[in-house]
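Colleague: Following this message is one structure expressed as structure tokens.
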Amino acid sequence: MRPLDLLVREHVAPVMRAAGFKRSGRTFRLVADCGDQAVLGFSRHYVDPDAAVFGVGYGIVPAPYWEWINRQHWASGQVGAPRAFESAVVAGDVIPPPGTAHRPDCEGRLRSRWALREDNRDLCGEALAGALRDEAIPQMVHLLDRTNLLEDRRHRAMPVVRLVPLPRLEILLRVDDAPRREIEALLADVQPAGPGDDFAAWVRRRLATRGLTDTPDRYA
């Protein structure tokens, strides 16, 4: 078995499984009752002949967002589940401590790469399991709740990269159960991304099919 796969099996899978994540290869997924997903995965970087260099990243993918970005193919029923390192509304990296980092003196994305070597296998596995258990998993579980995710975007409370502008994200997070008049008010502040941007039309179609009247807004 490859060293990275062995690391995932022995150190990562037990921690993720205990938190309710389902595994598929090097990808772990937690799905909320509403269909929103937290997805964590591994990216391999072939940059060092003496180490298995890899990154560990995660993203939060609300169900309405996934439907929106796949809208052209949604009706076919052939749209798969979100994958790690693809489209998400927020994303984060699991940062290694210096002893297991490939470039501990670097900044930016290079600092997020782990280095698995023969002489640090246990150290790397234990450090990764700890970082997942103590930091990444609590962050993912927290942000998987739409109320928490919206609060984070409003106040930038979590150390993640925010990939969708707040006005659009707020609509996507509230479109399933917010009062229709509130969504229309939010749409008035959304600027088209370019010619042919049909976001407002898509939102209104979704509102028309949900059969929801003016109900209390739990995100206000």
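Residue numbering restarts at 1 for every chain of the structure tokens, chains are lettered A, B, ... in their displayed order, and ligands are numbered from 1 as they appear.
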Please identify the helix (DSSP H, G or I) residues within segment 1-161 of chain A (assignment by DSSP from backbone atoms) and present them as a ChimeraX atom specification.
Modeller: /A:3-18,63-69,71-74,98-100,108-112,118-144,146-155
Colleague: Which residues in segment 27-219 of chain A does DSSP call strand (DSSP E)? List them as a ChimeraX atom specification.
Modeller: /A:27-31,37-45,52-61,90-93,114-116,161-162
Colleague: Would you put the residues from that selection into a file with C-alpha atoms, as a tab-separated table (two decimals), in the first residue's frame?
Modeller:
chain	number	residue	atom	x	y	z
A	27	THR	CA	-12.25	11.74	0.19
A	28	PHE	CA	-14.41	12.15	3.27
A	29	ARG	CA	-17.93	13.56	3.19
A	30	LEU	CA	-20.45	14.71	5.80
A	31	VAL	CA	-23.97	15.38	4.52
A	37	GLN	CA	-22.06	18.83	2.31
A	38	ALA	CA	-18.66	19.21	3.92
A	39	VAL	CA	-16.01	17.49	1.79
A	40	LEU	CA	-12.40	16.85	2.79
A	41	GLY	CA	-9.76	15.41	0.49
A	42	PHE	CA	-6.06	14.95	-0.23
A	43	SER	CA	-4.00	16.39	-3.08
A	44	ARG	CA	-0.69	14.73	-3.95
A	45	HIS	CA	2.25	16.88	-5.11
A	52	ALA	CA	5.15	11.99	-0.19
A	53	VAL	CA	4.11	15.65	-0.28
A	54	PHE	CA	0.39	16.30	0.01
A	55	GLY	CA	-2.23	18.85	0.95
A	56	VAL	CA	-5.38	18.36	2.96
A	57	GLY	CA	-8.25	20.66	2.08
A	58	TYR	CA	-11.95	20.92	2.69
A	59	GLY	CA	-14.93	22.82	1.35
A	60	ILE	CA	-18.52	23.55	2.30
A	61	VAL	CA	-21.06	23.01	-0.48
A	90	VAL	CA	-15.82	28.44	1.57
A	91	ALA	CA	-12.66	26.35	1.67
A	92	GLY	CA	-9.90	25.69	4.16
A	93	ASP	CA	-6.57	23.90	4.47
A	114	TRP	CA	2.58	18.04	4.45
A	115	ALA	CA	5.67	15.85	3.94
A	116	LEU	CA	5.39	12.16	4.76
A	161	VAL	CA	-11.22	31.29	2.16
A	162	ARG	CA	-14.58	32.76	1.16
Colleague: Give me the residues near segment 14-17 of chain A as a list in words, where near means some atom within 9 Å (using only C-alpha atoms) and where sequence neighbours in that chain fewer than 6 positions away do not count.
Modeller: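 Near neighbours after the sequence-gap exclusion: Val8, Arg23, Phe28, Arg29, Ala129, Gly130, Leu132, Arg133 and Ile137 of chain A.
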Colleague: Output all heavy atoms for every residue in that selection, as a PDB file, in the first residue's frame.
Modeller:
ATOM      1  N   VAL A   8      -3.754   7.514   5.510  1.00  0.00           N
ATOM      2  CA  VAL A   8      -5.190   7.801   5.532  1.00  0.00           C
ATOM      3  C   VAL A   8      -5.941   6.692   6.255  1.00  0.00           C
ATOM      4  O   VAL A   8      -6.824   6.955   7.090  1.00  0.00           O
ATOM      5  CB  VAL A   8      -5.718   7.984   4.087  1.00  0.00           C
ATOM      6  CG1 VAL A   8      -7.243   8.044   4.082  1.00  0.00           C
ATOM      7  CG2 VAL A   8      -5.125   9.242   3.456  1.00  0.00           C
ATOM      8  N   ARG A  23     -16.305   7.689   3.963  1.00  0.00           N
ATOM      9  CA  ARG A  23     -15.077   7.685   3.186  1.00  0.00           C
ATOM     10  C   ARG A  23     -15.273   7.069   1.811  1.00  0.00           C
ATOM     11  O   ARG A  23     -15.995   6.094   1.639  1.00  0.00           O
ATOM     12  CB  ARG A  23     -14.002   6.900   3.926  1.00  0.00           C
ATOM     13  CG  ARG A  23     -12.690   6.772   3.168  1.00  0.00           C
ATOM     14  CD  ARG A  23     -11.724   5.846   3.880  1.00  0.00           C
ATOM     15  NE  ARG A  23     -10.504   5.666   3.106  1.00  0.00           N
ATOM     16  CZ  ARG A  23      -9.538   4.815   3.409  1.00  0.00           C
ATOM     17  NH1 ARG A  23      -9.656   4.057   4.504  1.00  0.00           N
ATOM     18  NH2 ARG A  23      -8.466   4.708   2.655  1.00  0.00           N
ATOM     19  N   PHE A  28     -13.505  12.357   2.149  1.00  0.00           N
ATOM     20  CA  PHE A  28     -14.410  12.151   3.271  1.00  0.00           C
ATOM     21  C   PHE A  28     -15.534  13.176   3.173  1.00  0.00           C
ATOM     22  O   PHE A  28     -15.288  14.349   2.892  1.00  0.00           O
ATOM     23  CB  PHE A  28     -13.665  12.288   4.591  1.00  0.00           C
ATOM     24  CG  PHE A  28     -12.620  11.237   4.797  1.00  0.00           C
ATOM     25  CD1 PHE A  28     -11.346  11.390   4.256  1.00  0.00           C
ATOM     26  CD2 PHE A  28     -12.897  10.071   5.495  1.00  0.00           C
ATOM     27  CE1 PHE A  28     -10.363  10.422   4.425  1.00  0.00           C
ATOM     28  CE2 PHE A  28     -11.929   9.089   5.671  1.00  0.00           C
ATOM     29  CZ  PHE A  28     -10.666   9.262   5.135  1.00  0.00           C
ATOM     30  N   ARG A  29     -16.763  12.722   3.440  1.00  0.00           N
ATOM     31  CA  ARG A  29     -17.927  13.556   3.193  1.00  0.00           C
ATOM     32  C   ARG A  29     -18.911  13.467   4.368  1.00  0.00           C
ATOM     33  O   ARG A  29     -19.219  12.388   4.863  1.00  0.00           O
ATOM     34  CB  ARG A  29     -18.610  13.058   1.916  1.00  0.00           C
ATOM     35  CG  ARG A  29     -19.704  13.926   1.363  1.00  0.00           C
ATOM     36  CD  ARG A  29     -20.317  13.248   0.126  1.00  0.00           C
ATOM     37  NE  ARG A  29     -19.295  12.774  -0.803  1.00  0.00           N
ATOM     38  CZ  ARG A  29     -18.710  13.521  -1.727  1.00  0.00           C
ATOM     39  NH1 ARG A  29     -19.054  14.782  -1.855  1.00  0.00           N
ATOM     40  NH2 ARG A  29     -17.801  13.003  -2.543  1.00  0.00           N
ATOM     41  N   ALA A 129      -4.001  13.627  12.463  1.00  0.00           N
ATOM     42  CA  ALA A 129      -5.200  13.212  13.198  1.00  0.00           C
ATOM     43  C   ALA A 129      -5.590  14.260  14.236  1.00  0.00           C
ATOM     44  O   ALA A 129      -6.777  14.583  14.401  1.00  0.00           O
ATOM     45  CB  ALA A 129      -4.969  11.859  13.859  1.00  0.00           C
ATOM     46  N   GLY A 130      -4.601  14.807  14.921  1.00  0.00           N
ATOM     47  CA  GLY A 130      -4.885  15.833  15.913  1.00  0.00           C
ATOM     48  C   GLY A 130      -5.427  17.108  15.301  1.00  0.00           C
ATOM     49  O   GLY A 130      -6.357  17.726  15.839  1.00  0.00           O
ATOM     50  N   LEU A 132      -7.062  17.395  12.507  1.00  0.00           N
ATOM     51  CA  LEU A 132      -8.430  17.130  12.061  1.00  0.00           C
ATOM     52  C   LEU A 132      -9.394  17.144  13.241  1.00  0.00           C
ATOM     53  O   LEU A 132     -10.441  17.798  13.202  1.00  0.00           O
ATOM     54  CB  LEU A 132      -8.490  15.776  11.346  1.00  0.00           C
ATOM     55  CG  LEU A 132      -7.777  15.685  10.004  1.00  0.00           C
ATOM     56  CD1 LEU A 132      -7.719  14.240   9.531  1.00  0.00           C
ATOM     57  CD2 LEU A 132      -8.477  16.553   8.961  1.00  0.00           C
ATOM     58  N   ARG A 133      -9.040  16.427  14.279  1.00  0.00           N
ATOM     59  CA  ARG A 133      -9.938  16.282  15.431  1.00  0.00           C
ATOM     60  C   ARG A 133     -10.144  17.609  16.159  1.00  0.00           C
ATOM     61  O   ARG A 133     -11.275  17.944  16.555  1.00  0.00           O
ATOM     62  CB  ARG A 133      -9.352  15.246  16.384  1.00  0.00           C
ATOM     63  CG  ARG A 133     -10.209  14.970  17.615  1.00  0.00           C
ATOM     64  CD  ARG A 133      -9.576  13.899  18.482  1.00  0.00           C
ATOM     65  NE  ARG A 133      -8.197  14.234  18.864  1.00  0.00           N
ATOM     66  CZ  ARG A 133      -7.116  13.608  18.391  1.00  0.00           C
ATOM     67  NH1 ARG A 133      -7.238  12.614  17.535  1.00  0.00           N
ATOM     68  NH2 ARG A 133      -5.905  13.965  18.781  1.00  0.00           N
ATOM     69  N   ILE A 137     -12.262  19.395  11.728  1.00  0.00           N
ATOM     70  CA  ILE A 137     -13.600  18.801  11.850  1.00  0.00           C
ATOM     71  C   ILE A 137     -14.551  19.737  12.581  1.00  0.00           C
ATOM     72  O   ILE A 137     -15.681  19.954  12.102  1.00  0.00           O
ATOM     73  CB  ILE A 137     -13.523  17.421  12.520  1.00  0.00           C
ATOM     74  CG1 ILE A 137     -12.843  16.422  11.577  1.00  0.00           C
ATOM     75  CG2 ILE A 137     -14.912  16.925  12.909  1.00  0.00           C
ATOM     76  CD1 ILE A 137     -12.595  15.059  12.195  1.00  0.00           C
TER      77      ILE A 137
END
Colleague: Given the choices A:Ala208, A:Leu169, A:Ala51, A:Ala101, which gets closest to Thr147 of chain A if the distance is worked out from only C-alpha atoms?
Modeller: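 Of all the options, A:Leu169 lies closest to Thr147 of chain A.
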Colleague: Record the distance separating atom CA of Glu182 of chain A and atom CA of Leu166 of chain A, expressed in Å with one decimal.
Modeller: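 It comes out at 15.0 Å.
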Colleague: Would you kindly return, as JSON, numbers by chain, each protein, DNA or RNA residue with an atom no farther than 8 Å from any atom of segment 184-192 of chain A, considering only C-alpha atoms and excluding same-chain residues fewer than 5 positions away?
Modeller: {"A": [167, 168, 171, 197, 199, 200]}
Colleague: Using Å and a single decimal, report how far atom CA of Pro138 of chain A sits from atom CA of Cys34 of chain A.
Modeller: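 Atom CA of Cys34 of chain A sits 18.9 Å away from atom CA of Pro138 of chain A.
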Colleague: From the set A:Gly77, A:Pro159, A:Gly125, A:Pro49, which residue has the shortest atom-to-atom contact distance to Thr100 of chain A, counting only C-alpha atoms?
Modeller: A:Gly125
